[in-house]
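Just coords.csv here, CSV, C-alpha atoms (C1' of nucleotides):
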```csv
chain,number,residue,atom,x,y,z
V,9,MET,CA,113.1,46.8,251.7
V,10,SER,CA,113.0,49.9,253.8
V,11,ALA,CA,111.0,53.0,252.8
V,12,SER,CA,113.0,53.5,249.6
V,13,ALA,CA,114.3,50.0,248.9
V,14,GLU,CA,116.7,51.3,246.3
V,15,LYS,CA,119.6,49.0,246.9
V,16,VAL,CA,122.7,51.0,247.5
V,17,ASP,CA,126.1,49.4,246.8
V,18,VAL,CA,128.0,48.9,250.1
V,19,PHE,CA,131.2,50.3,248.5
V,20,GLN,CA,129.4,53.5,247.7
V,21,ALA,CA,127.7,53.6,251.1
V,22,ILE,CA,131.1,53.6,252.9
V,23,ALA,CA,132.7,56.0,250.5
V,24,ASP,CA,131.5,59.0,252.4
V,25,PRO,CA,133.4,60.0,255.6
V,26,THR,CA,130.3,61.2,257.4
V,27,ARG,CA,128.6,57.8,256.8
V,28,ARG,CA,131.7,56.0,258.1
V,29,GLU,CA,131.5,58.1,261.2
V,30,VAL,CA,127.8,57.3,261.6
V,31,LEU,CA,128.7,53.6,261.4
V,32,ARG,CA,131.4,54.1,264.0
V,33,LEU,CA,128.9,55.8,266.4
V,34,LEU,CA,126.4,53.1,265.9
V,35,ALA,CA,129.0,50.5,266.6
V,36,GLU,CA,129.1,51.7,270.2
V,37,LYS,CA,125.4,51.7,270.7
V,38,GLU,CA,122.1,52.2,268.9
V,39,LEU,CA,121.0,55.8,268.7
V,40,PRO,CA,118.1,58.0,267.7
V,41,ILE,CA,118.5,60.4,264.8
V,42,SER,CA,118.8,63.5,267.1
V,43,ALA,CA,121.6,61.9,269.0
V,44,ILE,CA,123.4,61.1,265.8
V,45,THR,CA,122.9,64.6,264.4
V,46,SER,CA,124.4,66.2,267.5
V,47,HIS,CA,127.8,64.6,266.6
V,48,PHE,CA,127.9,66.5,263.3
V,49,PRO,CA,128.1,70.1,262.1
V,50,ILE,CA,125.4,69.4,259.5
V,51,SER,CA,121.6,69.6,259.6
V,52,ARG,CA,119.3,66.8,260.8
V,53,THR,CA,117.9,66.5,257.3
V,54,ALA,CA,121.4,65.8,255.9
V,55,VAL,CA,122.0,63.2,258.5
V,56,VAL,CA,118.7,61.5,257.7
V,57,LYS,CA,119.7,61.3,254.1
V,58,HIS,CA,122.9,59.6,255.0
V,59,LEU,CA,121.0,57.2,257.2
V,60,HIS,CA,118.7,56.4,254.4
V,61,ILE,CA,121.6,55.6,252.2
V,62,LEU,CA,123.1,53.3,254.9
V,63,ALA,CA,119.7,51.7,255.3
V,64,ASP,CA,119.4,51.1,251.6
V,65,ALA,CA,122.8,49.4,251.7
V,66,ASP,CA,121.4,47.3,254.6
V,67,LEU,CA,124.2,48.6,256.9
V,68,VAL,CA,121.8,50.0,259.5
V,69,THR,CA,118.3,49.3,260.5
V,70,GLY,CA,115.8,51.7,262.1
V,71,HIS,CA,112.9,51.1,264.4
V,72,LYS,CA,110.5,53.5,266.0
V,73,VAL,CA,110.2,53.7,269.7
V,74,GLY,CA,107.6,56.3,270.7
V,75,ARG,CA,108.4,59.4,268.7
V,76,GLU,CA,112.0,58.5,268.2
V,77,LYS,CA,113.5,56.4,265.4
V,78,ILE,CA,116.4,54.3,266.7
V,79,TYR,CA,119.1,53.3,264.3
V,80,ARG,CA,121.3,50.2,264.9
V,81,LEU,CA,124.4,48.9,263.1
V,82,HIS,CA,123.9,45.9,260.8
V,83,PRO,CA,127.4,45.1,259.7
V,84,GLY,CA,126.6,42.0,257.6
V,85,PRO,CA,127.0,43.6,254.2
V,86,LEU,CA,130.6,44.5,255.1
V,87,THR,CA,131.5,40.9,254.4
V,88,GLU,CA,131.2,41.8,250.8
V,89,VAL,CA,134.0,44.3,251.2
V,90,LYS,CA,136.1,41.9,253.1
V,91,GLN,CA,135.8,39.3,250.4
V,92,TRP,CA,136.7,41.8,247.8
V,93,LEU,CA,139.7,42.8,249.8
V,94,SER,CA,140.8,39.3,250.3
V,95,PHE,CA,141.5,39.0,246.6
V,96,TYR,CA,144.1,41.8,246.9
V,97,GLU,CA,145.7,40.5,250.1
V,98,GLN,CA,147.9,38.2,248.1
V,99,PHE,CA,149.5,41.2,246.5
V,100,TRP,CA,151.0,42.5,249.7
V,101,ASN,CA,151.4,39.2,251.6
V,102,ASN,CA,154.3,38.1,249.6
V,103,LYS,CA,156.8,39.7,247.2
V,104,LEU,CA,156.1,37.3,244.4
V,105,SER,CA,152.5,38.3,244.4
V,106,MET,CA,152.0,39.2,240.8
V,107,LEU,CA,154.0,36.3,239.5
V,108,LYS,CA,152.3,33.9,241.9
V,109,HIS,CA,148.9,35.0,240.8
V,110,LEU,CA,149.8,34.6,237.2
V,111,VAL,CA,151.0,31.1,237.7
V,112,GLU,CA,147.9,30.2,239.7
V,113,THR,CA,145.4,31.6,237.3
V,114,ASP,CA,146.9,31.4,233.8
V,115,GLY,CA,147.5,27.8,232.8
V,116,ASP,CA,149.0,28.8,229.5
V,117,THR,CA,151.8,30.8,231.1
V,118,ALA,CA,155.1,29.2,230.1
V,119,LEU,CA,157.1,29.8,233.2
V,120,THR,CA,160.7,28.6,233.2
V,121,ILE,CA,162.3,28.4,236.6
V,122,VAL,CA,166.0,28.6,236.2
V,123,GLN,CA,167.7,26.6,239.0
V,124,SER,CA,171.1,28.1,239.7
V,125,GLU,CA,174.0,25.8,240.4
V,126,PRO,CA,175.4,26.0,243.9
V,127,ASP,CA,178.0,28.8,243.9
V,128,GLN,CA,181.3,27.0,243.6
V,129,THR,CA,183.5,30.0,243.3
V,130,ARG,CA,183.4,30.4,247.0
V,131,LYS,CA,185.5,28.4,249.4
Z,14,MET,CA,152.8,63.1,243.7
Z,15,SER,CA,151.6,62.4,240.1
Z,16,ALA,CA,150.6,65.1,237.7
Z,17,SER,CA,147.6,66.2,239.8
Z,18,ALA,CA,148.6,65.1,243.3
Z,19,GLU,CA,145.1,65.8,244.7
Z,20,LYS,CA,145.0,63.0,247.3
Z,21,VAL,CA,141.9,61.0,246.7
Z,22,ASP,CA,140.5,59.0,249.6
Z,23,VAL,CA,140.9,55.2,248.9
Z,24,PHE,CA,137.3,54.6,250.0
Z,25,GLN,CA,136.1,56.9,247.4
Z,26,ALA,CA,138.5,55.5,244.8
Z,27,ILE,CA,137.1,52.0,245.2
Z,28,ALA,CA,133.5,53.2,245.3
Z,29,ASP,CA,133.0,53.2,241.6
Z,30,PRO,CA,132.4,49.7,239.9
Z,31,THR,CA,134.4,50.7,236.8
Z,32,ARG,CA,137.4,51.6,238.9
Z,33,ARG,CA,137.2,48.3,240.8
Z,34,GLU,CA,137.1,46.5,237.5
Z,35,VAL,CA,140.2,48.4,236.4
Z,36,LEU,CA,142.0,47.3,239.6
Z,37,ARG,CA,141.0,43.7,238.9
Z,38,LEU,CA,142.4,43.9,235.4
Z,39,LEU,CA,145.7,45.4,236.6
Z,40,ALA,CA,145.9,42.7,239.2
Z,41,GLU,CA,146.4,40.2,236.4
Z,42,LYS,CA,149.1,42.3,234.6
Z,43,GLU,CA,150.1,45.8,233.9
Z,44,LEU,CA,148.4,47.3,230.9
Z,45,PRO,CA,148.6,50.4,228.7
Z,46,ILE,CA,145.6,52.7,228.6
Z,47,SER,CA,144.3,51.5,225.3
Z,48,ALA,CA,144.2,47.9,226.5
Z,49,ILE,CA,142.3,48.9,229.6
Z,50,THR,CA,139.9,50.9,227.5
Z,51,SER,CA,139.1,48.0,225.3
Z,52,HIS,CA,137.5,46.2,228.3
Z,53,PHE,CA,134.9,48.9,228.8
Z,54,PRO,CA,132.0,50.3,226.8
Z,55,ILE,CA,133.1,53.9,227.7
Z,56,SER,CA,135.5,56.3,226.0
Z,57,ARG,CA,139.2,56.4,226.4
Z,58,THR,CA,138.9,59.8,228.0
Z,59,ALA,CA,136.6,58.5,230.7
Z,60,VAL,CA,138.9,55.6,231.4
Z,61,VAL,CA,141.8,58.0,231.8
Z,62,LYS,CA,139.8,60.0,234.3
Z,63,HIS,CA,139.3,56.9,236.3
Z,64,LEU,CA,143.0,56.1,236.1
Z,65,HIS,CA,143.9,59.5,237.4
Z,66,ILE,CA,141.6,59.1,240.4
Z,67,LEU,CA,143.1,55.7,241.1
Z,68,ALA,CA,146.6,57.2,240.7
Z,69,ASP,CA,145.6,60.1,243.1
Z,70,ALA,CA,144.6,57.4,245.6
Z,71,ASP,CA,148.0,55.8,245.0
Z,72,LEU,CA,146.3,52.6,244.0
Z,73,VAL,CA,148.0,52.5,240.6
Z,74,THR,CA,151.1,53.9,239.1
Z,75,GLY,CA,151.8,54.8,235.5
Z,76,HIS,CA,155.1,54.9,233.6
Z,77,LYS,CA,155.7,55.7,229.9
Z,78,VAL,CA,157.2,53.2,227.6
Z,79,GLY,CA,157.6,54.7,224.2
Z,80,ARG,CA,154.4,56.3,223.3
Z,81,GLU,CA,152.4,54.0,225.7
Z,82,LYS,CA,151.6,54.7,229.3
Z,83,ILE,CA,151.6,51.5,231.2
Z,84,TYR,CA,149.6,51.3,234.4
Z,85,ARG,CA,150.4,48.9,237.2
Z,86,LEU,CA,148.5,47.9,240.4
Z,87,HIS,CA,149.8,49.4,243.6
Z,88,PRO,CA,147.6,47.7,246.3
Z,89,GLY,CA,149.3,49.2,249.4
Z,90,PRO,CA,146.6,51.8,250.3
Z,91,LEU,CA,144.1,49.0,250.5
Z,92,THR,CA,145.5,48.2,253.9
Z,93,GLU,CA,143.7,51.2,255.1
Z,94,VAL,CA,140.4,49.6,254.1
Z,95,LYS,CA,141.4,46.4,255.7
Z,96,GLN,CA,142.2,48.1,259.0
Z,97,TRP,CA,138.9,49.9,258.9
Z,98,LEU,CA,137.1,46.7,258.3
Z,99,SER,CA,138.9,44.8,261.1
Z,100,PHE,CA,137.2,47.1,263.6
Z,101,TYR,CA,133.8,45.8,262.4
Z,102,GLU,CA,134.8,42.1,262.2
Z,103,GLN,CA,134.2,41.8,266.0
Z,104,PHE,CA,130.5,42.5,265.2
Z,105,TRP,CA,130.0,39.4,263.1
Z,106,ASN,CA,132.5,37.1,264.8
Z,107,ASN,CA,130.5,36.6,267.9
Z,108,LYS,CA,127.0,37.2,269.0
Z,109,LEU,CA,127.8,39.2,272.1
Z,110,SER,CA,129.6,41.7,269.8
Z,111,MET,CA,127.8,44.9,270.9
Z,112,LEU,CA,128.0,44.2,274.6
Z,113,LYS,CA,131.5,42.9,274.4
Z,114,HIS,CA,132.7,46.0,272.7
Z,115,LEU,CA,131.0,48.3,275.2
Z,116,VAL,CA,132.6,46.5,278.1
Z,117,GLU,CA,136.0,46.6,276.6
Z,118,THR,CA,136.0,50.2,275.5
Z,119,ASP,CA,133.9,52.1,278.0
Z,120,GLY,CA,135.4,52.0,281.4
Z,121,ASP,CA,132.7,54.1,282.9
Z,122,THR,CA,129.9,51.8,281.9
Z,123,ALA,CA,128.1,50.8,285.1
Z,124,LEU,CA,127.1,47.3,284.1
Z,125,THR,CA,125.0,45.6,286.6
Z,126,ILE,CA,124.4,42.0,286.2
Z,127,VAL,CA,121.2,41.1,288.0
Z,128,GLN,CA,121.5,37.6,289.3
Z,129,SER,CA,118.0,36.2,289.7
Z,130,GLU,CA,117.2,34.3,292.8
Z,131,PRO,CA,116.3,30.7,292.0
Z,132,ASP,CA,112.6,30.6,291.2
Z,133,GLN,CA,111.0,29.4,294.4
Z,134,THR,CA,107.4,29.7,293.3
Z,135,ARG,CA,108.0,26.5,291.3
Z,136,LYS,CA,108.0,23.1,293.0
C,21,DA,C1',158.8,63.1,205.4
C,22,DT,C1',154.2,61.0,206.1
C,23,DG,C1',150.7,58.6,208.1
C,24,DA,C1',149.0,55.9,211.8
C,25,DT,C1',149.0,55.3,216.8
C,26,DA,C1',148.8,56.4,221.8
C,27,DT,C1',148.2,59.7,225.0
C,28,DA,C1',147.2,64.4,226.9
C,29,DA,C1',144.6,68.6,227.5
C,30,DC,C1',140.3,71.1,226.9
C,31,DA,C1',135.7,72.5,226.8
C,32,DC,C1',131.3,71.0,227.6
C,33,DC,C1',127.1,68.4,229.2
C,34,DT,C1',123.9,65.7,232.4
C,35,DT,C1',123.0,63.4,236.6
C,36,DT,C1',124.1,62.5,241.3
C,37,DT,C1',125.5,64.0,245.7
C,38,DG,C1',125.5,66.5,249.8
C,39,DG,C1',123.7,70.1,251.6
C,40,DT,C1',120.0,73.7,252.8
C,41,DT,C1',115.2,75.6,254.3
C,42,DT,C1',110.3,75.1,254.8
C,43,DT,C1',106.2,72.7,255.9
C,44,DA,C1',103.6,69.0,257.8
C,45,DT,C1',102.7,65.0,261.0
C,46,DG,C1',102.7,62.1,265.0
C,47,DT,C1',103.7,61.7,270.0
C,48,DA,C1',104.7,63.1,274.9
C,49,DA,C1',104.0,66.0,278.6
C,50,DA,C1',102.0,70.0,281.0
K,9,DT,C1',94.0,70.5,275.0
K,10,DT,C1',97.8,73.1,274.2
K,11,DT,C1',102.7,73.1,273.7
K,12,DA,C1',106.9,71.2,272.8
K,13,DC,C1',109.5,67.6,270.7
K,14,DA,C1',111.1,64.2,267.1
K,15,DT,C1',110.7,62.8,262.8
K,16,DA,C1',109.1,63.0,257.8
K,17,DA,C1',108.6,64.9,253.3
K,18,DA,C1',109.2,68.3,249.8
K,19,DA,C1',111.4,71.9,247.0
K,20,DC,C1',115.5,73.8,246.0
K,21,DC,C1',120.6,74.6,245.2
K,22,DA,C1',125.8,74.4,244.2
K,23,DA,C1',129.4,71.4,243.3
K,24,DA,C1',131.2,67.1,242.0
K,25,DA,C1',131.0,62.9,239.3
K,26,DG,C1',131.0,60.5,235.2
K,27,DG,C1',130.5,61.0,230.7
K,28,DT,C1',131.2,63.1,225.8
K,29,DG,C1',133.8,65.2,221.7
K,30,DT,C1',137.6,68.0,219.8
K,31,DT,C1',142.2,69.3,219.4
K,32,DA,C1',147.1,68.9,220.1
K,33,DT,C1',151.5,66.5,220.8
K,34,DA,C1',154.7,62.8,220.8
K,35,DT,C1',156.3,58.4,218.8
K,36,DC,C1',156.6,54.4,215.8
K,37,DA,C1',156.6,52.4,211.1
K,38,DT,C1',156.7,53.1,206.3
```

Write-out of the structure in structure tokens:
Amino acid sequence: MSASAEKVDVFQAIADPTRREVLRLLAEKELPISAITSHFPISRTAVVKHLHILADADLVTGHKVGREKIYRLHPGPLTEVKQWLSFYEQFWNNKLSMLKHLVETDGDTALTIVQSEPDQTRK
Amino acid sequence: MSASAEKVDVFQAIADPTRREVLRLLAEKELPISAITSHFPISRTAVVKHLHILADADLVTGHKVGREKIYRLHPGPLTEVKQWLSFYEQFWNNKLSMLKHLVETDGDTALTIVQSEPDQTRK
DNA sequence: ATGATATAACACCTTTTGGTTTTATGTAAA
DNA sequence: TTTACATAAAACCAAAAGGTGTTATATCAT
């Protein structure tokens, strides 16, 4: 519920490389707009727009100190991304990923496991 | 190195809700374009564009079988997102996050811990 | 061969995005 | 009280995003 309160999706907020870089900067320490701007080749106005988007996604918060507006990282919403990702981790954590997921979620799957006899041709 | 080979950033690829839904569908099983389209209220052409973006981000692969083009999930590039996220996990895993990160990464930080004298005005 | 199906390739449209410059406002310092 | 600084707000712009419809091509089934 900042100035705009327009609810930006966190996935969209982190889609832009400049905004990700802003988050990285703020991870080190909170910074006023001018300090953030000095790290980029773009105008202050453009940086402010990015900050508003990040604020609307609740990824940063800003508070005024004197004539400066200090922005601070607020990483909470990133948990949504983490949760989303966790669903896909099963697909690279083991080779049987697809099959495993099918078995676990689709009760109607008729899955026949063919148990091979021990190889008696050897020895 | 698909048809377009235009290298789409994975963060941008997953920014769109429709594309995330496509990934979720393909997580269950590989599907032809028509089957994917039937899950959305948008045109086939629009779906194909989303698939191309996902393919350019290497998140899906497509192969032709007869007259159908079958798309399959290829979750590998999501590790990039996971790595990016892991950097920020420290910020919600413990309360001292900001300070801890500063101490660990900035060797030049002159951090003075002011040890207060026991309060002798009391008692 | 013919017709239905599945995709591909275009051309086009509207809204959003990421950027600019300009103008105004509040605060600190001389 | 000027002057400089830091931000805010507004108008504007080009390009990209997300969508549409049309047309063409390849394949499967009759």

Task: Polymer residues at most 8 Å from range 60-62 of chain Z, all atoms listed in the file, same-chain spacing of 4 or more positions, as a PyMOL selection string - done: chain Z and resi 46+49-50+55-56+66

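Excluding DT28 in chain K itself and same-chain residues fewer than 4 positions from it, the residues having an atom within 9 Å of it are Ser56, Thr58 and Ala59 of chain Z; DC32 and DC33 of chain C, counting all atoms listed in the file.
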
Select from chain K every residue with an atom at most 12 Å from any atom of chain V, then for each give the shortest pair of atoms and their distance in Å to one decimal, using all atoms listed in the file, rows by chain and rising number, as CSV.
```
residue,atom,partner,partner_atom,distance
K:DC13,C1',V:Arg75,CA,8.5
K:DA14,C1',V:Arg75,CA,5.7
K:DT15,C1',V:Glu76,CA,7.0
K:DA16,C1',V:Thr53,CA,9.5
K:DA17,C1',V:Thr53,CA,10.2
K:DA18,C1',V:Thr53,CA,11.6
```

Task: At most 6 Å to chain V: residues in chain Z, all atoms listed in the file, as a list of chain:residue names - done: Z:Phe24, Z:Gln25, Z:Ala28

Find the residues of chain C that sit at most 9 Å from chain Z; for each, write down the nearest two atoms and how far apart they are in Å, to one decimal. Count all atoms listed in the file. Sort by chain, then by number going up, and give it as JSON lines.
```
{"residue": "C:DT25", "atom": "C1'", "partner": "Z:Arg80", "partner_atom": "CA", "distance": 8.5}
{"residue": "C:DA26", "atom": "C1'", "partner": "Z:Arg80", "partner_atom": "CA", "distance": 5.8}
{"residue": "C:DT27", "atom": "C1'", "partner": "Z:Glu81", "partner_atom": "CA", "distance": 7.1}
```

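Between DG27 in chain K and the residues Z:Glu93, Z:Val73, Z:Tyr84, Z:Pro54, the shortest atom-to-atom distance, using only C-alpha atoms (C1' of nucleotides), involves Z:Pro54.
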
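If you look at C1' of DT33 in chain K and CA of Val78 in chain Z, they are 16.0 Å away from each other.
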
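Interatomic distance, CA of Glu19 in chain Z to CA of Asp69 in chain Z: 5.9 Å.
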
Open item on the list: Using only C-alpha atoms (C1' of nucleotides), which protein or nucleic acid residues come within 12 Å of DT10 in chain K? Drop anything in the same chain fewer than 2 positions from it, and give the result as a PyMOL selection string.
Closed with: (chain C and resi 49-50) or (chain K and resi 12)

Now that the selection is made, can you save its residues with C-alpha atoms (C1' of nucleotides) as a PDB file, in the frame of the given file?
```
ATOM      1  C1'  DA C  49     104.000  66.000 278.600  1.00  0.00           C
ATOM      2  C1'  DA C  50     102.000  70.000 281.000  1.00  0.00           C
TER       3       DA C  50
ATOM      4  C1'  DA K  12     106.900  71.200 272.800  1.00  0.00           C
TER       5       DA K  12
END
```

- [ ] State, in Å with one decimal place, the distance from CA of Val16 in chain V to CA of Leu67 in chain V.
- [x] 9.8 Å

TODO: Identify which of the residues V:Arg80, V:Asp66, V:His71, V:Gln91 lies closest to Val30 in chain V, counting only C-alpha atoms when measuring atom-to-atom distances.
DONE: V:Arg80

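With distances restricted to only C-alpha atoms (C1' of nucleotides), C:DT35 is the closest residue to DA25 in chain K from C:DT47, C:DT35, C:DT42, C:DT22.
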
TODO: Excluding DT36 in chain C and residues on its chain fewer than 3 positions from it, collect all residues at most 12 Å away from it, counting all atoms listed in the file, and give them as a list in words.
DONE: DA23, DA24, DA25 and DG26 of chain K
